[in-house]
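These notes are about the structure you will find just below.
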Amino acid sequence: MKTERRLHRFGAVLVSIFVLAHLANHLAALGGIAAHLRFMETARLVYRQPVVESLLLSGVVLQASSGLRLLVSGWKRRQGWLAWLQAGSGAYLALFLLIHVSAVLAGRTLLGLDTNVHFAAAGLQAWPYSLFFVPYYVLAVLAVFVHLGCALARRAGPAPRKRAAAVGVPLCVGAVVSVLVVAALMGRLIPYAVPQEYRNTFGAQADLRP
Ligand code: HEM
């Protein structure tokens with residue numbers, strides 16, 4: 001299990017660097033969709049390099065698979081809120097990553113779409129699909145911060161107050177970030193309507209919510 005844990009930590013560093021930049025990219029939407037697109041265009045110069053992207057996608061697979069193995073192998077020994085919160089947030093992230101990355105790759109290869117912000121926002125703006133996509137994205141962003149907070153709490157020592165703060169602070173930051181990103185992409189904080197080409201991925205009858 002030690003090797004599994006080491007692999008999981010190694011993958012975490014790789015994936016976290018991308019994820020934090022990725023979330024900063026989505027926060028750029030607060031300055032308008034043009035700002036989001038410009039940010040992504042620049043970031044892609046790095047993460048769309050074949051070597052970097054292969055490393056990132058391998059990191060995602062490593063992270064999700066080692067996490068799931070740790071989740072199952074420690075099931076009976078796991079005790080206390082911190083261990084279960086870490087396991088639960090990690091399990092959600094593994095499921096989210098599987099769906100999210102497959103959708104992005106399918107959008108690029110099968111639908112021939114540029115998987116930019118419009119690709120993600122289409123689901124958030126198409127009624128009734130937003131009933132799925134709003135909690136799906138909010139929980140994913142929250143899970144990133146909570147999962148990292150749990151890792152910090154384990155290093156904070158056994159004092160309950162220190163542990164609670166190590167999880168509580170990232171949880172609050174994650175809540176603010178997730179609401180801002182999702183509200184911006186829904187067009188609730190900035191004027192933004194997803195182009196028709198992207199709305200069509202949800203069928204002609206998918207409407208923007210009034
Ligand atoms: C509101 C939240 C999120 C939105 C709207 C979103 C949207 C997107 C979009 C549009 C892409 C395609 C990027 C491109 O084509 O260059 C993408 C890729 C990706 N996202 Fe997210 N994402 C969100 C959260 C997350 C989180 C929380 C994670 C990780 C835990 C994550 C991991 C990834 C990964 C690994 C890729 C693949 C990068 C690549 O190789 O192209 N995303 N996301």
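Just remember, in the structure tokens the first chain shown is A, the second B, etc., residues are 1-based per chain, and ligands are 1-based in the order shown.
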Q: Dump the neighbourhood of ligand 1 as a VMD selection string: all residues within 8 Å, distances computed on only C-alpha atoms and all ligand atoms.
A: chain A and resid 15 to 16 18 to 19 22 to 23 26 40 to 41 44 47 to 48 53 to 54 56 to 57 60 93 96 to 97 100 to 101 104 to 105 108 114 to 121 137 to 138 140 to 144 178 181 to 182 185
Q: From a DSSP pass on the backbone, collect the residues of range 73-175 of chain A flagged as alpha helix (DSSP H) and hand them back as a PyMOL selection string.
A: chain A and resi 73+81-109+117-125+130-155+160-175
Q | strand (DSSP E or B) residues, from DSSP on the backbone, in chain A, as a PyMOL selection string | A | chain A and resi 126-127+207-208
Q: Name all residues at most 10 Å from range 82-92 of chain A (count only C-alpha atoms; drop same-chain ones fewer than 4 positions away) and give them as a VMD selection string.
A: chain A and resid 63 to 64 67 to 68 70 to 72 74 to 75 77 to 78 96 to 98 136 139 to 140 142 to 151 153 to 154 163 to 164 167
Would you write out those residues with N, CA, C and O atoms, as a tab-separated table (two decimals), in the first residue's frame?
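Ended up saving to again_13.tsv:
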```tsv
chain	number	residue	atom	x	y	z
A	63	GLN	N	-3.99	8.88	-11.05
A	63	GLN	CA	-4.59	9.46	-9.86
A	63	GLN	C	-5.91	8.77	-9.53
A	63	GLN	O	-6.14	8.38	-8.39
A	64	ALA	N	-6.75	8.62	-10.56
A	64	ALA	CA	-8.08	8.03	-10.33
A	64	ALA	C	-7.94	6.55	-9.96
A	64	ALA	O	-8.59	6.07	-9.02
A	67	GLY	N	-6.30	6.08	-6.50
A	67	GLY	CA	-7.25	6.56	-5.48
A	67	GLY	C	-8.34	5.52	-5.24
A	67	GLY	O	-8.69	5.24	-4.09
A	68	LEU	N	-8.86	4.94	-6.32
A	68	LEU	CA	-9.94	3.95	-6.16
A	68	LEU	C	-9.42	2.70	-5.45
A	68	LEU	O	-10.11	2.11	-4.63
A	70	LEU	N	-6.97	2.66	-3.24
A	70	LEU	CA	-6.82	3.01	-1.82
A	70	LEU	C	-8.19	3.03	-1.12
A	70	LEU	O	-8.33	2.61	0.03
A	71	LEU	N	-9.21	3.52	-1.87
A	71	LEU	CA	-10.57	3.59	-1.31
A	71	LEU	C	-11.07	2.20	-0.92
A	71	LEU	O	-11.57	2.00	0.19
A	72	VAL	N	-10.88	1.25	-1.83
A	72	VAL	CA	-11.40	-0.10	-1.59
A	72	VAL	C	-10.58	-0.83	-0.53
A	72	VAL	O	-11.11	-1.40	0.42
A	74	GLY	N	-8.79	0.23	1.90
A	74	GLY	CA	-8.85	0.72	3.29
A	74	GLY	C	-10.27	0.78	3.83
A	74	GLY	O	-10.49	1.33	4.92
A	75	TRP	N	-11.23	0.23	3.10
A	75	TRP	CA	-12.66	0.38	3.45
A	75	TRP	C	-12.97	0.01	4.91
A	75	TRP	O	-13.59	0.77	5.65
A	77	ARG	N	-10.89	-0.46	7.45
A	77	ARG	CA	-10.05	0.18	8.49
A	77	ARG	C	-10.39	1.66	8.68
A	77	ARG	O	-10.00	2.29	9.64
A	78	ARG	N	-11.11	2.24	7.74
A	78	ARG	CA	-11.32	3.69	7.74
A	78	ARG	C	-12.20	4.12	8.91
A	78	ARG	O	-13.25	3.57	9.13
A	96	PHE	N	-15.91	11.97	-11.59
A	96	PHE	CA	-15.99	13.21	-12.38
A	96	PHE	C	-14.93	13.21	-13.48
A	96	PHE	O	-15.23	13.51	-14.64
A	97	LEU	N	-13.69	12.88	-13.10
A	97	LEU	CA	-12.60	12.91	-14.10
A	97	LEU	C	-12.87	11.95	-15.24
A	97	LEU	O	-12.62	12.28	-16.40
A	98	LEU	N	-13.41	10.78	-14.91
A	98	LEU	CA	-13.71	9.79	-15.96
A	98	LEU	C	-14.72	10.38	-16.96
A	98	LEU	O	-14.51	10.34	-18.18
A	136	TYR	N	-23.08	18.87	-10.82
A	136	TYR	CA	-21.91	18.11	-11.31
A	136	TYR	C	-20.64	18.97	-11.24
A	136	TYR	O	-19.60	18.53	-10.73
A	139	LEU	N	-19.99	20.42	-7.37
A	139	LEU	CA	-19.40	19.38	-6.51
A	139	LEU	C	-17.96	19.07	-6.89
A	139	LEU	O	-17.12	18.79	-6.03
A	140	ALA	N	-17.65	19.13	-8.20
A	140	ALA	CA	-16.28	18.81	-8.64
A	140	ALA	C	-15.30	19.84	-8.09
A	140	ALA	O	-14.24	19.47	-7.56
A	142	LEU	N	-15.76	21.86	-5.52
A	142	LEU	CA	-15.73	21.70	-4.05
A	142	LEU	C	-14.87	20.51	-3.66
A	142	LEU	O	-14.05	20.59	-2.73
A	143	ALA	N	-15.02	19.39	-4.39
A	143	ALA	CA	-14.28	18.16	-4.06
A	143	ALA	C	-12.77	18.36	-4.19
A	143	ALA	O	-12.00	17.82	-3.39
A	144	VAL	N	-12.35	19.17	-5.19
A	144	VAL	CA	-10.90	19.44	-5.34
A	144	VAL	C	-10.37	20.09	-4.06
A	144	VAL	O	-9.37	19.64	-3.48
A	145	PHE	N	-11.07	21.15	-3.60
A	145	PHE	CA	-10.58	21.90	-2.44
A	145	PHE	C	-10.68	21.06	-1.15
A	145	PHE	O	-9.78	21.08	-0.31
A	146	VAL	N	-11.78	20.32	-1.01
A	146	VAL	CA	-11.96	19.50	0.20
A	146	VAL	C	-10.91	18.39	0.25
A	146	VAL	O	-10.30	18.14	1.29
A	147	HIS	N	-10.67	17.76	-0.92
A	147	HIS	CA	-9.71	16.65	-0.97
A	147	HIS	C	-8.30	17.14	-0.63
A	147	HIS	O	-7.59	16.49	0.15
A	148	LEU	N	-7.93	18.30	-1.16
A	148	LEU	CA	-6.60	18.86	-0.83
A	148	LEU	C	-6.58	19.28	0.65
A	148	LEU	O	-5.57	19.09	1.34
A	149	GLY	N	-7.69	19.84	1.14
A	149	GLY	CA	-7.79	20.24	2.56
A	149	GLY	C	-7.62	19.04	3.48
A	149	GLY	O	-6.96	19.15	4.52
A	150	CYS	N	-8.18	17.89	3.10
A	150	CYS	CA	-8.05	16.68	3.94
A	150	CYS	C	-6.58	16.25	4.02
A	150	CYS	O	-6.10	15.84	5.08
A	151	ALA	N	-5.86	16.37	2.88
A	151	ALA	CA	-4.44	16.00	2.88
A	151	ALA	C	-3.67	16.96	3.80
A	151	ALA	O	-2.79	16.53	4.56
A	153	ALA	N	-4.94	18.56	6.39
A	153	ALA	CA	-5.37	18.28	7.77
A	153	ALA	C	-4.59	17.12	8.38
A	153	ALA	O	-4.26	17.14	9.57
A	154	ARG	N	-4.26	16.14	7.56
A	154	ARG	CA	-3.50	14.99	8.07
A	154	ARG	C	-2.10	15.42	8.51
A	154	ARG	O	-1.51	14.82	9.39
A	163	ARG	N	-7.23	20.63	12.58
A	163	ARG	CA	-7.71	19.76	11.51
A	163	ARG	C	-8.96	20.35	10.85
A	163	ARG	O	-9.08	20.39	9.63
A	164	ALA	N	-9.88	20.84	11.68
A	164	ALA	CA	-11.13	21.40	11.15
A	164	ALA	C	-10.81	22.63	10.30
A	164	ALA	O	-11.40	22.84	9.24
A	167	VAL	N	-9.44	21.87	6.83
A	167	VAL	CA	-10.45	21.45	5.85
A	167	VAL	C	-11.43	22.60	5.59
A	167	VAL	O	-11.84	22.85	4.46
```
